[in-house]
Structure formats: structure tokens, C-alpha cells
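Engineer: Here it is, the structure in full.
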Amino acid sequence: MACLSLVASITFGLTGIAASPDLPPITVDASIPSSETLQSTSRIGSLGIPQDRLWMFSTRGMQTSVCAAPLESPNFRVYQLDTCGRIHPSSLEMYLASRQSDRPTVVYVHGNRVDSSAKAIERTLAVYRSVRRYQHCTGQFGGSIDWVLWSWPSERQGFGLKDVRIKAARTDTQGLYLAWLLREHVKASQPTSMIGYSFGGRVITGALHAMAGGTLGRRQLPGEKVTGAAIDIGLVAPALEDDWLAERGYHRLATQNLDSIHLLYNRRDVVLKNYWRLDRIRNADALGYSGPSRFAPRYDGTRLPVRARDCAAVVGRHHSEMDYYTSNCGAGPTMQTVIDHCLFPNP
């Protein structure tokens, strides 16, 4: 049993750990793969909605230390993708100029141990296709979307808890970077929803918190604060503490920018079950393990709608993103509903 706990602890990035002083401040820049490389590594096939546009924001190679992160004007690398995974260089300016108020943007944030942009593209295409196949099945047709992959430096760094703690520190930095982009969406009146797995869920809620003026790793996003953005998010096995979105939680201001949460969790997840080992606090449960807990109110003071499903019966003990999409857990139609709600909010 001790061996099982150790394996569980080292297989993914957990959250809630302060940055260690000996963490490397900058990651080695992962090279962006060529079209030929992507075609050879991706065996999913060209499936999707032809009118959809796919993008990638890469923060690989950017400053990873929250203390030194350039928050005034982050130097994102921006690419457009096709549904086969081929990349085409773009720019932040071109991306922002293409925003449309009648075309929702979906930001997808992957979890830990995604070693390269090539792997991140493979994963985002798998999730994208799993979601968009239900476009006509959720009761509303919202047309085409922009799907944005947030590719962050999550490659393995050492073993065991060292890797986990490095990634925990990085999610604060990523939350601040993503908050910068989300604020640009709000300025452009861009309908936005977000989907995150494991550590990606922590990046998302951290970004919404930072956009509202919250602190991450003792840093705040410079410039104007944004509240009332009313963003819908879908979280799959999120690796953040189950009280972080409560009124005194680390991401407490996130609900000021939330419209709703769709949560898929797993009470049998052997990895998230061991979340408490990082801080050695027995009561520190992950939201992706315990399920819905306490949440601060929304911007208007109303209760935050949280739609949750325990997928333990079909996912079992695994901490595997695609198991949620390929099983009867129903991650695909659930996340398509998140996208639909972005354009067709409930009255």
C-alpha cells in the first residue's frame, strides 16, 4: 500500500505548495514541432467542425518563477492549428484582432507531465474532438468556435514530490499569465468558456481570481481589475483544494468572474486521494476527489451554480483525463454544454 501511495504521489502535479527557493526560474524552451512531426505523432485523424478555428498559446520557455514573471506584456508565442495538428505561426495581435462577440472562445488547459507542445497538441485535439462531436446533441446549436490550447511548461522535473512542488509553483505563474489574456477577452466583449484537467483546473481558477485583483504567489496582475466576467468553466478531476473557492480560500475571488461550474470528480481517484501528502495536512482534500464543497458567491451576490458528477463508477481508480471522455462519465457532452451556455445563458 505504501508503494501505491508513492506511485500516486509522483504521477501528476498537485497544488497548494509554495514555491521552493531552489526552483529553477526558467524552463528550457521546448521547440515547437514541425507539421511532419505532429502528423507522425498524432493518430487521431482529421475530425472536427470545419468552421472552428484552433489556436495555441505557448508559455514554454517563458519565465516560470512567479516573482520574476513579466506581467505587463507577456511574450506569448501564438500559433494557429488545423484539425490535423499542423501549426502555422501567428501573433498576439492577429489573435486579438480576430475576436468576435458572436463566436465563443474556449480555452483548454492541460494537466501535468505533458512534455512538449507536440504532446499538448495531441491531447487538445483528442479533447476537442470528444467535445465537438456533441455539438448537435446538446439541444442548442451555437455555431463555430475558437478553441485555444494553453500549452504550459509541465514536462517532468525530477522525481516524486520535487516534480509535483515545482509544478505547483508554476501554476501560480500560469494563472497570472492566463489572467492577462482573459482580461483582453473581456475588453473585446469576447464570450469565453474554459476547460481544465487536473493542474489545468487550478490554473483556470487562479486566473479568474487574479483577474479580479487576487494575489497569486504574492503577485497581482498590474492594471485594472475585472469582475463580473460571467465565465463558464468545466473542470475534470481538478487538482486544487476543495475550499479554495470558498470565501476565505486561496482563489476566493474567482467566483467574482464565474457564471457556473461543471465539475467531474472521482471519489476513487488514487492520485487525488493522496493530495494531502504535499502539505501533510490530513483534511486537505482535492476538489477533484471530494466533489462540491463551499463556494463564495458570484459578482451579483447570488449562489454559484455548480453541476457535479461523481465518475468513480466508470473511471475507477485512475487519474486519466481521457477516461472521462471515453467512458459513460460523459465529459464530452458536459463540456459542450459549457460551450453552449457561453452563448445561451440561463435566464
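Here, A, B, ... name the chains of the C-alpha cells in the order displayed, residue numbers run from 1 inside each chain, and ligands are numbered from 1 in the same displayed order.
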Contacts of A:Ala254 at 9 Å or less, counting only C-alpha atoms, minus same-chain residues fewer than 5 places along, as number ranges by chain?

Structural biologist: A: 204-212, 214, 227, 245, 296, 298

Engineer: Residues of stretch 159-229 of chain A that have any atom at most 12 Å from an atom of stretch 77-93 of chain A: could you tabulate them with the shortest-distance atom pair and the distance in Å to one decimal, using only C-alpha atoms, ordered by chain and increasing number, as a tab-separated table?

Structural biologist:
residue	atom	partner	partner_atom	distance
A:Trp180	CA	A:Leu92	CA	12.0
A:Leu181	CA	A:Leu92	CA	9.6
A:Glu184	CA	A:Leu92	CA	10.6

Engineer: Selection from above, all heavy atoms, as a PDB file, in the first residue's frame, can you write it?

Structural biologist:
ATOM      1  N   TRP A 180      -4.026  37.673 -17.719  1.00  0.00           N
ATOM      2  CA  TRP A 180      -3.725  38.764 -18.655  1.00  0.00           C
ATOM      3  C   TRP A 180      -4.518  38.588 -19.953  1.00  0.00           C
ATOM      4  O   TRP A 180      -5.126  39.523 -20.462  1.00  0.00           O
ATOM      5  CB  TRP A 180      -2.224  38.788 -18.944  1.00  0.00           C
ATOM      6  CG  TRP A 180      -1.747  39.988 -19.708  1.00  0.00           C
ATOM      7  CD1 TRP A 180      -1.198  41.120 -19.203  1.00  0.00           C
ATOM      8  CD2 TRP A 180      -1.804  40.165 -21.140  1.00  0.00           C
ATOM      9  NE1 TRP A 180      -0.898  42.004 -20.217  1.00  0.00           N
ATOM     10  CE2 TRP A 180      -1.254  41.434 -21.425  1.00  0.00           C
ATOM     11  CE3 TRP A 180      -2.253  39.379 -22.198  1.00  0.00           C
ATOM     12  CZ2 TRP A 180      -1.152  41.939 -22.728  1.00  0.00           C
ATOM     13  CZ3 TRP A 180      -2.160  39.887 -23.499  1.00  0.00           C
ATOM     14  CH2 TRP A 180      -1.619  41.137 -23.752  1.00  0.00           C
ATOM     15  N   LEU A 181      -4.521  37.358 -20.490  1.00  0.00           N
ATOM     16  CA  LEU A 181      -5.243  37.109 -21.738  1.00  0.00           C
ATOM     17  C   LEU A 181      -6.745  37.224 -21.544  1.00  0.00           C
ATOM     18  O   LEU A 181      -7.448  37.809 -22.384  1.00  0.00           O
ATOM     19  CB  LEU A 181      -4.886  35.723 -22.265  1.00  0.00           C
ATOM     20  CG  LEU A 181      -5.571  35.315 -23.580  1.00  0.00           C
ATOM     21  CD1 LEU A 181      -5.174  36.250 -24.708  1.00  0.00           C
ATOM     22  CD2 LEU A 181      -5.249  33.869 -23.934  1.00  0.00           C
ATOM     23  N   GLU A 184      -8.016  40.682 -21.732  1.00  0.00           N
ATOM     24  CA  GLU A 184      -8.147  41.152 -23.115  1.00  0.00           C
ATOM     25  C   GLU A 184      -9.450  40.651 -23.732  1.00  0.00           C
ATOM     26  O   GLU A 184     -10.088  41.364 -24.516  1.00  0.00           O
ATOM     27  CB  GLU A 184      -6.942  40.688 -23.942  1.00  0.00           C
ATOM     28  CG  GLU A 184      -5.612  41.277 -23.508  1.00  0.00           C
ATOM     29  CD  GLU A 184      -5.613  42.795 -23.570  1.00  0.00           C
ATOM     30  OE1 GLU A 184      -5.980  43.350 -24.623  1.00  0.00           O
ATOM     31  OE2 GLU A 184      -5.240  43.425 -22.547  1.00  0.00           O
TER      32      GLU A 184
END

Engineer: Of the candidates A:Ser198, A:Ser151, A:Ser189, A:Asn257, which one gets nearest to A:Lys225 if we count only C-alpha atoms?

Structural biologist: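 Of A:Ser198, A:Ser151, A:Ser189, A:Asn257, the one nearest A:Lys225, counting only C-alpha atoms, is A:Asn257.
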
Engineer: Enter the distance from atom CA of A:Thr124 to atom CA of A:Gly200, in Å, rounded to one decimal.

Structural biologist: 12.2 Å

Engineer: If we count only C-alpha atoms, what is near A:Asp243 at a cut-off of 8 Å, once residues fewer than 3 positions away on the same chain are taken out, given as a ChimeraX atom specification?

Structural biologist: /A:246,249,287,293-295

Engineer: Limited to N, CA and C atoms, could you put the picked residues into a file as a PDB file, in the first residue's frame?

Structural biologist:
ATOM      1  N   ALA A 246     -13.915  28.958  -1.669  1.00  0.00           N
ATOM      2  CA  ALA A 246     -14.754  29.465  -0.579  1.00  0.00           C
ATOM      3  C   ALA A 246     -14.374  30.915  -0.270  1.00  0.00           C
ATOM      4  N   GLY A 249     -10.871  31.242   0.765  1.00  0.00           N
ATOM      5  CA  GLY A 249      -9.953  30.351   0.068  1.00  0.00           C
ATOM      6  C   GLY A 249      -8.904  31.090  -0.748  1.00  0.00           C
ATOM      7  N   LEU A 287     -10.509  19.108  -4.824  1.00  0.00           N
ATOM      8  CA  LEU A 287     -11.874  19.276  -5.330  1.00  0.00           C
ATOM      9  C   LEU A 287     -12.230  18.147  -6.290  1.00  0.00           C
ATOM     10  N   SER A 293     -17.927  21.520  -2.636  1.00  0.00           N
ATOM     11  CA  SER A 293     -17.756  21.902  -1.239  1.00  0.00           C
ATOM     12  C   SER A 293     -18.361  23.292  -1.038  1.00  0.00           C
ATOM     13  N   ARG A 294     -17.575  24.210  -0.518  1.00  0.00           N
ATOM     14  CA  ARG A 294     -18.060  25.573  -0.269  1.00  0.00           C
ATOM     15  C   ARG A 294     -17.579  26.503  -1.370  1.00  0.00           C
ATOM     16  N   PHE A 295     -18.463  27.431  -1.761  1.00  0.00           N
ATOM     17  CA  PHE A 295     -18.120  28.377  -2.811  1.00  0.00           C
ATOM     18  C   PHE A 295     -18.560  29.782  -2.401  1.00  0.00           C
TER      19      PHE A 295
END

Engineer: As an exercise, work out the distance from atom CA of A:Ile166 to atom CA of A:Phe76 in Å and give it to one decimal place.

Structural biologist: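 A separation of 21.0 Å between them.
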
Engineer: With only C-alpha atoms as the basis for distance, which of A:Val270, A:Val114, A:Ile121, A:Ala229 is at the shortest distance from A:Lys187?

Structural biologist: A:Ala229

Engineer: I'd like to know which residues of stretch 185-325 of chain A are strand (DSSP E) (by DSSP, run on the backbone); could you write them as a JSON list (two decimals) with C-alpha atoms, in the first residue's frame?

Structural biologist:
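part_19.json, freshly written:
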[["chain", "number", "residue", "atom", "x", "y", "z"],
["A", 192, "THR", "CA", -15.34, 32.84, -23.17],
["A", 193, "SER", "CA", -15.56, 29.46, -21.51],
["A", 194, "MET", "CA", -12.75, 27.30, -20.17],
["A", 195, "ILE", "CA", -11.98, 23.61, -19.73],
["A", 196, "GLY", "CA", -9.22, 22.31, -17.47],
["A", 197, "TYR", "CA", -7.92, 18.96, -16.31],
["A", 231, "ILE", "CA", -17.33, 32.84, -17.45],
["A", 232, "ASP", "CA", -18.50, 29.23, -17.52],
["A", 233, "ILE", "CA", -15.88, 26.58, -16.77],
["A", 234, "GLY", "CA", -15.65, 22.81, -16.94],
["A", 235, "LEU", "CA", -13.28, 21.07, -14.53],
["A", 236, "VAL", "CA", -12.20, 17.45, -14.91],
["A", 258, "LEU", "CA", -17.68, 32.86, -12.73],
["A", 259, "ASP", "CA", -21.12, 32.17, -14.14],
["A", 260, "SER", "CA", -21.18, 28.42, -13.48],
["A", 261, "ILE", "CA", -19.00, 25.37, -12.87],
["A", 262, "HIS", "CA", -19.43, 21.93, -14.38],
["A", 263, "LEU", "CA", -17.39, 19.54, -12.24],
["A", 264, "LEU", "CA", -16.45, 15.93, -12.91],
["A", 265, "TYR", "CA", -14.80, 14.33, -9.88],
["A", 306, "VAL", "CA", -22.28, 24.04, -9.58],
["A", 307, "ARG", "CA", -23.27, 20.97, -11.58],
["A", 308, "ALA", "CA", -21.26, 17.99, -10.44],
["A", 309, "ARG", "CA", -20.99, 14.29, -11.22],
["A", 310, "ASP", "CA", -19.00, 11.59, -9.41]]

Engineer: Compile the contact shell of stretch 174-179 of chain A as a ChimeraX atom specification: residues with an atom at most 10 Å away, counting only C-alpha atoms, same-chain residues fewer than 3 positions apart removed.

Structural biologist: /A:57,59,63-66,69-76,107,109,150-153,169-171,182-185,200-217,219-222,226

Engineer: One decimal, in Å: what's the spacing between atom CA of A:Gly288 and atom CA of A:Arg218?

Structural biologist: 25.4 Å

Engineer: Enumerate as a count of residues only all residues of stretch 119-216 of chain A assigned to alpha helix (DSSP H) by DSSP on the backbone, naming them with the chain letters and numbers the document uses.

Structural biologist: 55

Engineer: Write out as a list in words each polymer residue whose atoms come within 10 Å of A:Tyr325, counting only C-alpha atoms; drop sequence neighbours fewer than 6 positions from it.

Structural biologist: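 With the cut-off at 10 Å, the set is Ala126, Val127, Arg129, Ser130, Val131, Val236, Val315, Ala331, Gly332, Pro333, Thr334 and Met335 of chain A.
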
Engineer: Got time to write the residues from that selection, N, CA and C atoms, as a PDB file, in the first residue's frame?

Structural biologist:
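Writing done, so here's again-v8.pdb:
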ATOM      1  N   ALA A 126      -7.551  15.552 -29.096  1.00  0.00           N
ATOM      2  CA  ALA A 126      -8.373  14.456 -28.595  1.00  0.00           C
ATOM      3  C   ALA A 126      -9.557  14.983 -27.789  1.00  0.00           C
ATOM      4  N   VAL A 127      -9.304  15.962 -26.926  1.00  0.00           N
ATOM      5  CA  VAL A 127     -10.377  16.545 -26.117  1.00  0.00           C
ATOM      6  C   VAL A 127     -11.337  17.343 -26.996  1.00  0.00           C
ATOM      7  N   ARG A 129     -12.097  16.986 -30.143  1.00  0.00           N
ATOM      8  CA  ARG A 129     -12.961  16.114 -30.942  1.00  0.00           C
ATOM      9  C   ARG A 129     -13.983  15.390 -30.079  1.00  0.00           C
ATOM     10  N   SER A 130     -13.579  15.045 -28.861  1.00  0.00           N
ATOM     11  CA  SER A 130     -14.507  14.386 -27.943  1.00  0.00           C
ATOM     12  C   SER A 130     -15.649  15.310 -27.544  1.00  0.00           C
ATOM     13  N   VAL A 131     -15.374  16.599 -27.510  1.00  0.00           N
ATOM     14  CA  VAL A 131     -16.387  17.582 -27.135  1.00  0.00           C
ATOM     15  C   VAL A 131     -17.252  17.970 -28.330  1.00  0.00           C
ATOM     16  N   VAL A 236     -12.293  18.910 -14.939  1.00  0.00           N
ATOM     17  CA  VAL A 236     -12.200  17.455 -14.913  1.00  0.00           C
ATOM     18  C   VAL A 236     -11.112  17.065 -13.917  1.00  0.00           C
ATOM     19  N   VAL A 315     -14.842   5.534 -14.112  1.00  0.00           N
ATOM     20  CA  VAL A 315     -13.418   5.849 -14.275  1.00  0.00           C
ATOM     21  C   VAL A 315     -12.553   4.979 -13.371  1.00  0.00           C
ATOM     22  N   ALA A 331     -17.932  13.301 -20.257  1.00  0.00           N
ATOM     23  CA  ALA A 331     -17.222  14.580 -20.275  1.00  0.00           C
ATOM     24  C   ALA A 331     -17.463  15.343 -21.571  1.00  0.00           C
ATOM     25  N   GLY A 332     -17.570  14.631 -22.690  1.00  0.00           N
ATOM     26  CA  GLY A 332     -17.780  15.293 -23.973  1.00  0.00           C
ATOM     27  C   GLY A 332     -19.034  16.151 -24.008  1.00  0.00           C
ATOM     28  N   PRO A 333     -20.213  15.547 -23.805  1.00  0.00           N
ATOM     29  CA  PRO A 333     -21.427  16.364 -23.818  1.00  0.00           C
ATOM     30  C   PRO A 333     -21.475  17.389 -22.696  1.00  0.00           C
ATOM     31  N   THR A 334     -20.858  17.070 -21.551  1.00  0.00           N
ATOM     32  CA  THR A 334     -20.825  18.041 -20.453  1.00  0.00           C
ATOM     33  C   THR A 334     -20.073  19.293 -20.854  1.00  0.00           C
ATOM     34  N   MET A 335     -18.907  19.135 -21.478  1.00  0.00           N
ATOM     35  CA  MET A 335     -18.115  20.292 -21.874  1.00  0.00           C
ATOM     36  C   MET A 335     -18.733  21.024 -23.056  1.00  0.00           C
TER      37      MET A 335
END
